[in-house]
file entry35.cif (mmCIF, C-alpha atoms)
data_target
#
loop_
_atom_site.label_atom_id
_atom_site.label_comp_id
_atom_site.auth_asym_id
_atom_site.auth_seq_id
_atom_site.Cartn_x
_atom_site.Cartn_y
_atom_site.Cartn_z
CA MET A 524 40.74 -17.85 -25.87
CA LYS A 525 42.23 -16.39 -22.68
CA ILE A 526 41.21 -12.75 -22.31
CA ALA A 527 42.09 -10.11 -19.73
CA VAL A 528 39.60 -7.38 -18.92
CA LEU A 529 41.18 -4.53 -16.98
CA GLY A 530 38.60 -2.60 -14.98
CA THR A 531 35.67 -3.58 -12.78
CA GLY A 532 33.31 -0.77 -13.77
CA MET A 533 30.23 -1.02 -15.97
CA VAL A 534 32.26 -1.31 -19.17
CA GLY A 535 34.62 -3.98 -17.85
CA ASN A 536 31.78 -5.92 -16.26
CA THR A 537 29.64 -5.87 -19.39
CA LEU A 538 32.46 -6.84 -21.75
CA ALA A 539 33.80 -9.53 -19.43
CA THR A 540 30.34 -11.04 -19.01
CA LYS A 541 29.78 -11.17 -22.76
CA LEU A 542 33.21 -12.64 -23.43
CA VAL A 543 32.62 -15.42 -20.90
CA GLN A 544 29.21 -16.10 -22.46
CA LEU A 545 30.98 -16.47 -25.79
CA GLY A 546 33.07 -19.27 -24.27
CA HIS A 547 36.28 -17.42 -23.52
CA GLU A 548 38.25 -17.71 -20.31
CA VAL A 549 38.22 -14.21 -18.86
CA ARG A 550 40.27 -12.82 -16.01
CA MET A 551 39.12 -9.47 -14.66
CA GLY A 552 41.93 -7.28 -13.36
CA SER A 553 41.81 -4.66 -10.65
CA ARG A 554 44.20 -2.90 -8.25
CA THR A 555 44.01 -5.51 -5.52
CA PRO A 556 43.65 -9.31 -5.60
CA ASP A 557 40.59 -9.16 -3.31
CA ASN A 558 38.53 -6.55 -5.17
CA VAL A 559 34.89 -6.90 -4.10
CA LYS A 560 33.36 -6.00 -7.46
CA ALA A 561 35.63 -8.42 -9.32
CA ALA A 562 34.85 -11.21 -6.86
CA ALA A 563 31.11 -10.52 -7.20
CA TRP A 564 31.45 -10.66 -10.97
CA VAL A 565 33.19 -14.06 -10.81
CA ALA A 566 30.48 -15.39 -8.48
CA GLU A 567 27.74 -14.38 -10.92
CA ALA A 568 29.48 -15.07 -14.23
CA ALA A 569 29.45 -18.33 -16.16
CA ASN A 570 32.32 -20.83 -16.05
CA GLY A 571 35.61 -19.42 -17.21
CA ALA A 572 35.57 -16.28 -15.06
CA SER A 573 38.40 -15.46 -12.69
CA HIS A 574 39.93 -12.33 -11.22
CA GLY A 575 43.23 -11.00 -9.97
CA THR A 576 45.44 -7.95 -10.02
CA PHE A 577 45.98 -5.96 -13.21
CA SER A 578 49.27 -7.80 -13.54
CA ASP A 579 47.70 -11.25 -12.95
CA ALA A 580 45.06 -10.53 -15.56
CA ALA A 581 47.45 -9.15 -18.16
CA ALA A 582 49.80 -12.13 -17.70
CA PHE A 583 46.83 -14.48 -18.18
CA GLY A 584 45.27 -12.88 -21.25
CA GLU A 585 46.26 -13.52 -24.85
CA ILE A 586 44.20 -10.41 -25.59
CA VAL A 587 43.83 -7.55 -23.12
CA PHE A 588 40.82 -5.20 -23.00
CA ASN A 589 41.51 -1.89 -21.28
CA CYS A 590 38.16 -0.86 -19.79
CA THR A 591 39.42 1.61 -17.22
CA LEU A 592 38.65 5.32 -16.96
CA GLY A 593 40.80 7.34 -19.29
CA THR A 594 42.27 9.26 -16.37
CA ALA A 595 43.56 5.97 -14.90
CA THR A 596 44.49 4.16 -18.10
CA LEU A 597 48.24 4.78 -18.24
CA ASP A 598 48.72 4.00 -14.54
CA VAL A 599 46.66 0.83 -14.82
CA LEU A 600 48.64 -0.37 -17.82
CA LYS A 601 51.87 0.35 -15.96
CA ALA A 602 50.56 -1.80 -13.10
CA ALA A 603 49.62 -4.47 -15.62
CA GLY A 604 53.21 -4.43 -16.75
CA ALA A 605 54.86 -3.83 -20.10
CA ASP A 606 56.21 -7.39 -20.13
CA ASN A 607 52.70 -8.79 -19.71
CA LEU A 608 51.45 -6.67 -22.63
CA LYS A 609 54.38 -7.35 -24.96
CA GLY A 610 53.27 -8.68 -28.34
CA LYS A 611 49.65 -8.88 -27.23
CA VAL A 612 46.58 -7.29 -28.74
CA LEU A 613 45.60 -4.47 -26.39
CA VAL A 614 42.07 -3.32 -27.10
CA ASP A 615 41.78 0.23 -25.81
CA VAL A 616 38.14 0.97 -25.03
CA SER A 617 38.92 3.96 -22.82
CA ASN A 618 38.24 7.62 -23.52
CA PRO A 619 40.09 10.71 -22.31
CA LEU A 620 37.03 12.05 -20.53
CA ASP A 621 37.44 14.79 -17.95
CA PHE A 622 34.35 15.20 -15.80
CA SER A 623 36.01 17.69 -13.45
CA GLN A 624 34.14 20.60 -15.01
CA GLY A 625 30.77 18.87 -15.04
CA MET A 626 28.66 17.41 -17.81
CA PRO A 627 29.07 16.92 -20.67
CA PRO A 628 32.72 15.92 -20.18
CA ARG A 629 35.59 17.61 -21.97
CA LEU A 630 38.62 15.68 -23.25
CA PHE A 631 41.96 15.85 -21.44
CA VAL A 632 43.80 15.04 -24.67
CA SER A 633 42.50 15.72 -28.16
CA ASN A 634 43.06 17.26 -31.57
CA ASP A 635 46.85 16.79 -31.89
CA ASP A 636 47.12 13.62 -29.86
CA SER A 637 44.89 10.96 -28.35
CA LEU A 638 44.79 8.55 -25.45
CA GLY A 639 45.13 5.67 -27.89
CA GLU A 640 48.40 7.10 -29.15
CA GLN A 641 49.61 7.76 -25.60
CA VAL A 642 48.98 4.11 -24.79
CA GLN A 643 50.80 2.93 -27.91
CA ARG A 644 53.76 5.22 -27.18
CA ALA A 645 53.96 4.11 -23.54
CA PHE A 646 53.78 0.42 -24.51
CA PRO A 647 55.45 0.24 -27.90
CA GLU A 648 55.52 -3.56 -27.91
CA ALA A 649 51.78 -3.90 -27.32
CA ARG A 650 49.60 -4.10 -30.44
CA VAL A 651 47.10 -1.39 -29.54
CA VAL A 652 43.71 -1.35 -31.24
CA LYS A 653 41.37 1.49 -30.40
CA ALA A 654 37.87 0.08 -30.56
CA LEU A 655 34.37 0.25 -29.10
CA ASN A 656 34.98 3.63 -27.45
CA THR A 657 32.18 5.35 -29.39
CA ILE A 658 29.29 3.48 -27.81
CA ASN A 659 27.70 2.69 -24.52
CA CYS A 660 28.79 -0.72 -23.19
CA TYR A 661 25.34 -2.29 -23.49
CA VAL A 662 25.38 -1.44 -27.19
CA MET A 663 29.03 -2.58 -27.54
CA VAL A 664 28.15 -6.19 -26.82
CA ASP A 665 24.66 -6.15 -28.34
CA PRO A 666 24.39 -3.77 -31.30
CA SER A 667 20.95 -5.12 -32.13
CA ARG A 668 19.44 -3.49 -29.02
CA VAL A 669 19.43 -0.30 -31.10
CA PRO A 670 17.40 -0.35 -34.32
CA GLY A 671 19.05 0.30 -37.67
CA GLN A 672 22.55 -0.51 -38.88
CA GLY A 673 25.20 0.71 -36.47
CA THR A 674 28.84 1.28 -37.25
CA THR A 675 31.86 0.77 -35.08
CA PHE A 676 35.50 1.60 -35.73
CA VAL A 677 38.98 0.16 -35.27
CA ALA A 678 42.27 2.05 -35.42
CA GLY A 679 45.74 0.68 -34.86
CA ASN A 680 49.15 0.12 -36.40
CA ASP A 681 48.96 -3.69 -36.58
CA ARG A 682 46.68 -5.11 -39.27
CA ALA A 683 46.58 -8.64 -37.83
CA ALA A 684 45.65 -7.23 -34.42
CA LYS A 685 42.83 -5.20 -35.96
CA ASN A 686 41.56 -8.25 -37.79
CA GLN A 687 41.50 -10.23 -34.58
CA VAL A 688 39.49 -7.48 -32.89
CA ARG A 689 37.21 -7.20 -35.91
CA GLN A 690 36.46 -10.90 -35.63
CA ILE A 691 35.41 -10.52 -31.98
CA LEU A 692 33.26 -7.49 -32.83
CA GLN A 693 31.61 -9.14 -35.81
CA GLU A 694 31.31 -12.82 -34.92
CA GLY A 695 31.21 -12.38 -31.15
CA PHE A 696 29.26 -9.18 -30.54
CA GLY A 697 27.28 -9.02 -33.80
CA TRP A 698 28.57 -5.80 -35.36
CA LYS A 699 27.91 -5.85 -39.09
CA GLN A 700 29.86 -2.74 -40.06
CA VAL A 701 33.36 -2.35 -38.61
CA VAL A 702 35.27 0.47 -40.31
CA ASP A 703 39.06 0.36 -40.20
CA LEU A 704 40.15 3.99 -39.95
CA GLY A 705 43.87 3.23 -40.31
CA ASP A 706 46.71 3.65 -37.84
CA ILE A 707 46.43 4.50 -34.16
CA SER A 708 46.49 8.26 -34.81
CA ASN A 709 42.90 7.82 -35.95
CA ALA A 710 41.99 7.40 -32.30
CA ARG A 711 41.92 11.22 -32.42
CA GLY A 712 38.80 10.88 -34.55
CA THR A 713 36.87 8.38 -32.49
CA GLU A 714 37.85 9.99 -29.19
CA ALA A 715 36.86 13.47 -30.42
CA TYR A 716 33.47 12.05 -31.40
CA LEU A 717 32.86 11.67 -27.67
CA LEU A 718 32.32 15.43 -27.54
CA LEU A 719 29.33 14.91 -29.82
CA TRP A 720 28.38 11.67 -28.11
CA GLY A 721 28.11 13.36 -24.70
CA ARG A 722 25.89 16.07 -26.11
CA LEU A 723 23.71 13.56 -27.91
CA TRP A 724 23.30 11.74 -24.61
CA GLY A 725 22.12 15.03 -23.08
CA ALA A 726 19.75 15.84 -25.92
CA LEU A 727 18.31 12.33 -26.25
CA GLY A 728 18.16 11.59 -22.53
CA THR A 729 19.70 8.15 -23.07
CA PRO A 730 23.14 6.74 -23.91
CA ASP A 731 21.39 3.88 -25.69
CA PHE A 732 22.16 4.94 -29.24
CA ASN A 733 24.68 4.48 -31.97
CA ILE A 734 25.50 5.98 -35.34
CA GLY A 735 25.41 4.23 -38.64
CA LEU A 736 27.62 5.24 -41.51
CA ASN A 737 25.92 5.71 -44.88
CA VAL A 738 28.18 5.99 -47.91
CA ARG A 739 27.25 6.88 -51.48
CA GLU A 740 29.49 4.21 -52.92
CA GLU A 741 29.32 0.91 -51.15
CA ILE A 742 32.21 0.17 -48.80
CA GLN A 743 33.26 -3.36 -48.24
CA MET B 1129 12.48 34.70 -48.55
CA LYS B 1130 15.57 36.90 -48.94
CA ILE B 1131 18.69 34.96 -48.04
CA ALA B 1132 22.35 35.95 -47.86
CA VAL B 1133 25.03 33.39 -48.55
CA LEU B 1134 28.47 34.55 -47.43
CA GLY B 1135 31.21 32.79 -49.34
CA THR B 1136 31.80 31.88 -52.97
CA GLY B 1137 33.44 28.49 -52.40
CA MET B 1138 31.95 25.09 -53.01
CA VAL B 1139 29.77 25.22 -49.91
CA GLY B 1140 28.43 28.71 -50.60
CA ASN B 1141 27.86 27.95 -54.27
CA THR B 1142 26.03 24.68 -53.58
CA LEU B 1143 23.82 26.13 -50.84
CA ALA B 1144 23.06 29.30 -52.80
CA THR B 1145 22.14 27.30 -55.90
CA LYS B 1146 19.79 25.07 -53.94
CA LEU B 1147 18.16 28.01 -52.15
CA VAL B 1148 17.49 29.78 -55.44
CA GLN B 1149 16.04 26.56 -56.87
CA LEU B 1150 13.70 26.48 -53.88
CA GLY B 1151 12.38 29.90 -54.93
CA HIS B 1152 14.29 32.13 -52.55
CA GLU B 1153 16.00 35.38 -53.51
CA VAL B 1154 19.65 34.79 -52.75
CA ARG B 1155 22.45 37.29 -52.61
CA MET B 1156 25.95 35.83 -52.55
CA GLY B 1157 28.44 37.91 -50.59
CA SER B 1158 32.18 38.17 -51.09
CA ARG B 1159 34.99 40.60 -50.31
CA THR B 1160 34.58 42.72 -53.39
CA PRO B 1161 31.51 43.79 -55.41
CA ASP B 1162 33.03 42.43 -58.63
CA ASN B 1163 34.01 38.93 -57.44
CA VAL B 1164 34.42 36.71 -60.50
CA LYS B 1165 33.12 33.54 -58.89
CA ALA B 1166 30.04 35.28 -57.49
CA ALA B 1167 29.31 36.87 -60.89
CA ALA B 1168 29.70 33.48 -62.59
CA TRP B 1169 27.29 31.98 -60.09
CA VAL B 1170 24.68 34.67 -60.79
CA ALA B 1171 25.06 34.14 -64.54
CA GLU B 1172 24.39 30.41 -64.19
CA ALA B 1173 21.82 30.41 -61.40
CA ALA B 1174 18.07 30.64 -61.77
CA ASN B 1175 16.11 33.85 -61.29
CA GLY B 1176 16.52 35.40 -57.88
CA ALA B 1177 20.29 35.28 -57.75
CA SER B 1178 22.36 38.39 -57.11
CA HIS B 1179 25.72 39.19 -55.58
CA GLY B 1180 27.53 41.93 -53.73
CA THR B 1181 29.91 42.55 -50.87
CA PHE B 1182 29.56 40.71 -47.58
CA SER B 1183 27.87 43.83 -46.27
CA ASP B 1184 25.49 44.12 -49.26
CA ALA B 1185 24.49 40.49 -48.87
CA ALA B 1186 24.00 40.63 -45.11
CA ALA B 1187 21.89 43.78 -45.42
CA PHE B 1188 19.77 42.07 -48.07
CA GLY B 1189 19.18 38.74 -46.30
CA GLU B 1190 16.51 38.01 -43.74
CA ILE B 1191 18.55 34.87 -43.03
CA VAL B 1192 22.32 34.75 -43.42
CA PHE B 1193 24.29 31.58 -44.18
CA ASN B 1194 27.96 31.75 -43.24
CA CYS B 1195 29.71 29.46 -45.72
CA THR B 1196 33.22 30.82 -45.38
CA LEU B 1197 36.33 29.00 -44.22
CA GLY B 1198 36.52 28.83 -40.45
CA THR B 1199 39.79 30.72 -40.47
CA ALA B 1200 38.05 33.66 -42.21
CA THR B 1201 34.66 33.49 -40.50
CA LEU B 1202 35.03 36.18 -37.83
CA ASP B 1203 36.65 38.64 -40.25
CA VAL B 1204 33.97 38.02 -42.86
CA LEU B 1205 31.19 38.56 -40.36
CA LYS B 1206 32.87 41.77 -39.22
CA ALA B 1207 32.90 42.90 -42.84
CA ALA B 1208 29.24 41.88 -43.13
CA GLY B 1209 28.57 44.21 -40.22
CA ALA B 1210 27.01 43.64 -36.83
CA ASP B 1211 24.14 45.99 -37.71
CA ASN B 1212 23.31 43.91 -40.78
CA LEU B 1213 23.24 40.73 -38.67
CA LYS B 1214 21.26 42.18 -35.76
CA GLY B 1215 18.18 40.13 -34.94
CA LYS B 1216 18.72 37.86 -37.94
CA VAL B 1217 19.10 34.11 -38.09
CA LEU B 1218 22.78 33.46 -38.79
CA VAL B 1219 23.30 29.88 -39.94
CA ASP B 1220 26.90 29.02 -39.21
CA VAL B 1221 27.99 26.23 -41.55
CA SER B 1222 31.71 26.85 -41.01
CA ASN B 1223 34.20 24.64 -39.23
CA PRO B 1224 37.38 25.58 -37.36
CA LEU B 1225 39.55 23.51 -39.69
CA ASP B 1226 43.28 24.11 -39.72
CA PHE B 1227 44.93 22.54 -42.76
CA SER B 1228 48.33 24.10 -42.01
CA GLN B 1229 49.72 20.80 -40.75
CA GLY B 1230 48.33 18.72 -43.60
CA MET B 1231 45.51 16.23 -43.87
CA PRO B 1232 43.39 15.36 -42.05
CA PRO B 1233 42.88 18.86 -40.63
CA ARG B 1234 43.09 19.67 -36.94
CA LEU B 1235 40.76 22.14 -35.24
CA PHE B 1236 41.96 25.61 -34.26
CA VAL B 1237 39.36 25.81 -31.53
CA SER B 1238 37.78 22.84 -29.77
CA ASN B 1239 36.93 21.05 -26.55
CA ASP B 1240 36.33 24.08 -24.26
CA ASP B 1241 35.05 26.45 -26.94
CA SER B 1242 33.87 26.37 -30.53
CA LEU B 1243 33.70 28.56 -33.58
CA GLY B 1244 29.93 28.68 -33.23
CA GLU B 1245 30.29 30.16 -29.75
CA GLN B 1246 32.95 32.59 -30.93
CA VAL B 1247 30.54 33.82 -33.60
CA GLN B 1248 27.69 34.17 -31.11
CA ARG B 1249 29.93 36.05 -28.64
CA ALA B 1250 31.25 38.38 -31.35
CA PHE B 1251 27.73 39.09 -32.64
CA PRO B 1252 25.51 38.83 -29.57
CA GLU B 1253 22.50 40.28 -31.38
CA ALA B 1254 22.60 37.71 -34.17
CA ARG B 1255 20.59 34.55 -33.64
CA VAL B 1256 23.31 32.01 -34.42
CA VAL B 1257 22.33 28.48 -35.39
CA LYS B 1258 25.14 25.99 -35.95
CA ALA B 1259 23.93 23.65 -38.68
CA LEU B 1260 25.00 21.51 -41.63
CA ASN B 1261 28.68 21.57 -40.64
CA THR B 1262 28.90 17.79 -40.29
CA ILE B 1263 28.39 16.92 -43.96
CA ASN B 1264 29.77 17.55 -47.39
CA CYS B 1265 27.86 20.30 -49.21
CA TYR B 1266 26.43 17.99 -51.87
CA VAL B 1267 24.88 15.90 -49.12
CA MET B 1268 23.73 19.04 -47.24
CA VAL B 1269 21.30 20.01 -49.96
CA ASP B 1270 20.43 16.48 -51.11
CA PRO B 1271 20.55 13.97 -48.26
CA SER B 1272 18.99 11.31 -50.49
CA ARG B 1273 22.19 11.04 -52.56
CA VAL B 1274 23.46 8.85 -49.71
CA PRO B 1275 21.49 5.67 -48.95
CA GLY B 1276 19.95 5.15 -45.52
CA GLN B 1277 18.54 7.63 -43.05
CA GLY B 1278 20.96 10.46 -42.35
CA THR B 1279 20.93 12.76 -39.37
CA THR B 1280 21.79 16.41 -39.15
CA PHE B 1281 22.04 18.68 -36.13
CA VAL B 1282 21.14 22.18 -35.00
CA ALA B 1283 22.52 24.05 -31.99
CA GLY B 1284 21.73 27.58 -30.90
CA ASN B 1285 20.33 29.75 -28.13
CA ASP B 1286 17.18 30.89 -29.96
CA ARG B 1287 14.47 28.28 -30.34
CA ALA B 1288 12.53 30.16 -33.02
CA ALA B 1289 15.71 30.58 -35.06
CA LYS B 1290 16.42 26.87 -34.82
CA ASN B 1291 12.88 26.05 -35.92
CA GLN B 1292 13.27 28.30 -38.94
CA VAL B 1293 16.50 26.52 -39.88
CA ARG B 1294 14.91 23.14 -39.23
CA GLN B 1295 12.14 24.03 -41.67
CA ILE B 1296 14.67 24.82 -44.41
CA LEU B 1297 16.58 21.61 -43.71
CA GLN B 1298 13.48 19.44 -43.64
CA GLU B 1299 11.10 20.97 -46.17
CA GLY B 1300 13.73 22.55 -48.40
CA PHE B 1301 16.66 20.15 -48.39
CA GLY B 1302 14.83 16.95 -47.47
CA TRP B 1303 16.44 16.03 -44.15
CA LYS B 1304 14.13 13.71 -42.23
CA GLN B 1305 16.00 13.68 -38.92
CA VAL B 1306 17.16 17.01 -37.53
CA VAL B 1307 18.37 16.68 -33.93
CA ASP B 1308 18.31 19.79 -31.75
CA LEU B 1309 21.34 19.46 -29.46
CA GLY B 1310 20.49 22.51 -27.36
CA ASP B 1311 22.29 25.83 -26.97
CA ILE B 1312 25.20 27.09 -29.05
CA SER B 1313 27.81 25.46 -26.78
CA ASN B 1314 26.79 22.21 -28.46
CA ALA B 1315 28.67 23.41 -31.52
CA ARG B 1316 31.63 21.92 -29.63
CA GLY B 1317 30.12 18.54 -30.33
CA THR B 1318 29.39 18.91 -34.03
CA GLU B 1319 32.66 20.71 -34.73
CA ALA B 1320 34.69 18.05 -32.86
CA TYR B 1321 33.00 15.40 -34.99
CA LEU B 1322 34.95 16.87 -37.91
CA LEU B 1323 38.03 15.14 -36.48
CA LEU B 1324 36.27 11.83 -37.10
CA TRP B 1325 34.72 13.08 -40.34
CA GLY B 1326 38.14 13.92 -41.82
CA ARG B 1327 39.46 10.47 -40.97
CA LEU B 1328 36.38 8.78 -42.37
CA TRP B 1329 36.95 10.72 -45.59
CA GLY B 1330 40.49 9.33 -45.65
CA ALA B 1331 39.43 5.76 -44.91
CA LEU B 1332 36.46 5.74 -47.29
CA GLY B 1333 38.11 7.71 -50.07
CA THR B 1334 35.06 9.91 -50.50
CA PRO B 1335 33.39 12.75 -48.56
CA ASP B 1336 30.05 11.54 -49.88
CA PHE B 1337 28.74 10.03 -46.66
CA ASN B 1338 26.70 10.87 -43.65
CA ILE B 1339 25.86 9.33 -40.31
CA GLY B 1340 22.44 8.30 -39.13
CA LEU B 1341 21.51 8.29 -35.49
CA ASN B 1342 19.85 5.13 -34.18
CA VAL B 1343 18.21 5.36 -30.77
CA ARG B 1344 16.75 2.55 -28.67
CA GLU B 1345 13.74 4.65 -27.72
CA GLU B 1346 12.19 6.52 -30.60
CA ILE B 1347 13.01 10.22 -30.71
CA GLN B 1348 10.55 12.62 -32.19
#
call {"tool": "encode", "arguments": {"input": "entry35.cif", "output": "structure tokens"}}
result
Amino acid sequence: MKIAVLGTGMVGNTLATKLVQLGHEVRMGSRTPDNVKAAAWVAEAANGASHGTFSDAAAFGEIVFNCTLGTATLDVLKAAGADNLKGKVLVDVSNPLDFSQGMPPRLFVSNDDSLGEQVQRAFPEARVVKALNTINCYVMVDPSRVPGQGTTFVAGNDRAAKNQVRQILQEGFGWKQVVDLGDISNARGTEAYLLLWGRLWGALGTPDFNIGLNVREEIQ
Amino acid sequence: MKIAVLGTGMVGNTLATKLVQLGHEVRMGSRTPDNVKAAAWVAEAANGASHGTFSDAAAFGEIVFNCTLGTATLDVLKAAGADNLKGKVLVDVSNPLDFSQGMPPRLFVSNDDSLGEQVQRAFPEARVVKALNTINCYVMVDPSRVPGQGTTFVAGNDRAAKNQVRQILQEGFGWKQVVDLGDISNARGTEAYLLLWGRLWGALGTPDFNIGLNVREEIQ
């Protein structure tokens, strides 16, 4: 499958690398066509890796992963172009983290709204799925690096889009438990969890953790 | 040990019942000395149960559990009396839940502050420990009713107070993993998790769940 990964940071790099390893054609998008980090990624990645502008990448991908900083997300998606996102699954991995007041970060949107909803409102024809934003990127693509049964979440308005993302998470990345929280407003839940996540990182001294959901009655 | 439980709702009732079963003397506090629910609890509970006003209970307890609704918490603690809380471990189980706009609830304080911090600021001589606020009360006092290894959290400025609470959670209630997040500002993390908790309740159809923390390196 042709996949766009927007963002050249640690999250974009890790996801793009894994997706190429899984046999997908991946185009990494950044602000400029000659981005040094994107070019270095292509040079090191397996066959199927390419890079270009946000717009190039979004036009190329059948699925688009937004792996940019939350503070940049809406601008990046505007640069990617609403027409290039139209009808496509847009996996929003970003978080509304505000580091301006130090660590742990606060959220610049929360409680009554979420970044996932802002993205869906700004690009109503994209099929936004909030996913993977509750875990460090190394754990995202390799849940087994943490012992125990981890849980990850999807939220979005389009059931078929969520199922497509679920398939990548389960069959591609190896997640055994993917909980569908419901529509995109549930991004408020997974994004707010970052306030606990940041403090767990501080207390544990590592971001290399996840949470597993235990339920009295079995969930499917 | 003499313990005060402030609140006659499901949380207060469940915690008070368990604490009496563990052999503690428990006084349940409410607004009035003749509260029907508190009297019914005393009639049904084992030896060691008594009830009275918030102030009676707080004066009686060596440890005080705040099990009131978040919207009432500061008023209740004022009624309990700063002098009665002075120097005591105050276990804050409450959450800043605002149900006024329907389900799932929003938070009336979050991100840059927390109810736990508000309580500590309002009662600077109490040794506030935020604990147990991330789980349904039936799971609080019986973590084994949910399969798997669950995790619970403590946050507070007083290490000895947290250790005392940890002992009740571990030896009394049976929690195996109690993570100390640090000072009381970390209540922002566990309270914000309620935004995910409420949505999990909706998606799962039951509040009878917990989360277990899995860490790549073992934590003690």
call {"tool": "residues_around", "arguments": {"input": "entry35.cif", "residues": "segment 1129-1133 of chain B", "least_positions_apart": "2", "cutoff": "7 Å", "atoms": "only C-alpha atoms", "output": "ChimeraX atom specification"}}
result
/B:1135,1140,1144,1152-1157,1185-1186,1188-1195
call {"tool": "write_last_selection", "arguments": {"input": "entry35.cif", "atoms": "C-alpha atoms", "output": "compact mmCIF listing (two decimals), in the coordinates of the input"}}
result
# COMPACT_ATOMS: atom_id res chain seq x y z
CA GLY B 1135 31.21 32.79 -49.34
CA GLY B 1140 28.43 28.71 -50.60
CA ALA B 1144 23.06 29.30 -52.80
CA HIS B 1152 14.29 32.13 -52.55
CA GLU B 1153 16.00 35.38 -53.51
CA VAL B 1154 19.65 34.79 -52.75
CA ARG B 1155 22.45 37.29 -52.61
CA MET B 1156 25.95 35.83 -52.55
CA GLY B 1157 28.44 37.91 -50.59
CA ALA B 1185 24.49 40.49 -48.87
CA ALA B 1186 24.00 40.63 -45.11
CA PHE B 1188 19.77 42.07 -48.07
CA GLY B 1189 19.18 38.74 -46.30
CA GLU B 1190 16.51 38.01 -43.74
CA ILE B 1191 18.55 34.87 -43.03
CA VAL B 1192 22.32 34.75 -43.42
CA PHE B 1193 24.29 31.58 -44.18
CA ASN B 1194 27.96 31.75 -43.24
CA CYS B 1195 29.71 29.46 -45.72
call {"tool": "closest_residue", "arguments": {"input": "entry35.cif", "among": "A:Phe631, A:Asp665, A:Gly571, A:Gln641", "to": "Thr537 of chain A", "atoms": "only C-alpha atoms"}}
result
A:Asp665
call {"tool": "residues_around", "arguments": {"input": "entry35.cif", "residues": "Met1231 of chain B", "least_positions_apart": "3", "cutoff": "10 Å", "atoms": "only C-alpha atoms", "output": "list in words"}}
result
Asp1226, Phe1227, Ser1228, Arg1234, Gly1326, Arg1327 and Gly1330 of chain B
call {"tool": "interface_residues", "arguments": {"input": "entry35.cif", "of": "chain B", "to": "chain A", "cutoff": "9 Å", "atoms": "all atoms listed in the file", "output": "VMD selection string"}}
result
chain B and resid 1234 to 1236 1238 to 1240 1273 to 1278 1307 to 1310 1314 to 1328 1330 to 1332 1334 to 1345 1347
call {"tool": "write_last_selection", "arguments": {"input": "entry35.cif", "atoms": "C-alpha atoms", "output": "short mmCIF file (atom, residue, chain, number, x, y, z; two decimals), in the frame of the given file"}}
result
data_model
loop_
_atom_site.label_atom_id
_atom_site.label_comp_id
_atom_site.auth_asym_id
_atom_site.auth_seq_id
_atom_site.Cartn_x
_atom_site.Cartn_y
_atom_site.Cartn_z
CA ARG B 1234 43.09 19.67 -36.94
CA LEU B 1235 40.76 22.14 -35.24
CA PHE B 1236 41.96 25.61 -34.26
CA SER B 1238 37.78 22.84 -29.77
CA ASN B 1239 36.93 21.05 -26.55
CA ASP B 1240 36.33 24.08 -24.26
CA ARG B 1273 22.19 11.04 -52.56
CA VAL B 1274 23.46 8.85 -49.71
CA PRO B 1275 21.49 5.67 -48.95
CA GLY B 1276 19.95 5.15 -45.52
CA GLN B 1277 18.54 7.63 -43.05
CA GLY B 1278 20.96 10.46 -42.35
CA VAL B 1307 18.37 16.68 -33.93
CA ASP B 1308 18.31 19.79 -31.75
CA LEU B 1309 21.34 19.46 -29.46
CA GLY B 1310 20.49 22.51 -27.36
CA ASN B 1314 26.79 22.21 -28.46
CA ALA B 1315 28.67 23.41 -31.52
CA ARG B 1316 31.63 21.92 -29.63
CA GLY B 1317 30.12 18.54 -30.33
CA THR B 1318 29.39 18.91 -34.03
CA GLU B 1319 32.66 20.71 -34.73
CA ALA B 1320 34.69 18.05 -32.86
CA TYR B 1321 33.00 15.40 -34.99
CA LEU B 1322 34.95 16.87 -37.91
CA LEU B 1323 38.03 15.14 -36.48
CA LEU B 1324 36.27 11.83 -37.10
CA TRP B 1325 34.72 13.08 -40.34
CA GLY B 1326 38.14 13.92 -41.82
CA ARG B 1327 39.46 10.47 -40.97
CA LEU B 1328 36.38 8.78 -42.37
CA GLY B 1330 40.49 9.33 -45.65
CA ALA B 1331 39.43 5.76 -44.91
CA LEU B 1332 36.46 5.74 -47.29
CA THR B 1334 35.06 9.91 -50.50
CA PRO B 1335 33.39 12.75 -48.56
CA ASP B 1336 30.05 11.54 -49.88
CA PHE B 1337 28.74 10.03 -46.66
CA ASN B 1338 26.70 10.87 -43.65
CA ILE B 1339 25.86 9.33 -40.31
CA GLY B 1340 22.44 8.30 -39.13
CA LEU B 1341 21.51 8.29 -35.49
CA ASN B 1342 19.85 5.13 -34.18
CA VAL B 1343 18.21 5.36 -30.77
CA ARG B 1344 16.75 2.55 -28.67
CA GLU B 1345 13.74 4.65 -27.72
CA ILE B 1347 13.01 10.22 -30.71
#
call {"tool": "residues_around", "arguments": {"input": "entry35.cif", "residues": "Gly1300 of chain B", "least_positions_apart": "6", "cutoff": "12 Å", "atoms": "all atoms listed in the file", "output": "ChimeraX atom specification"}}
result
/B:1143,1146-1152,1268-1271,1292-1294
call {"tool": "atom_distance", "arguments": {"input": "entry35.cif", "atom1": "atom CA of Leu529 of chain A", "atom2": "atom CA of Lys560 of chain A"}}
result
12.4 Å
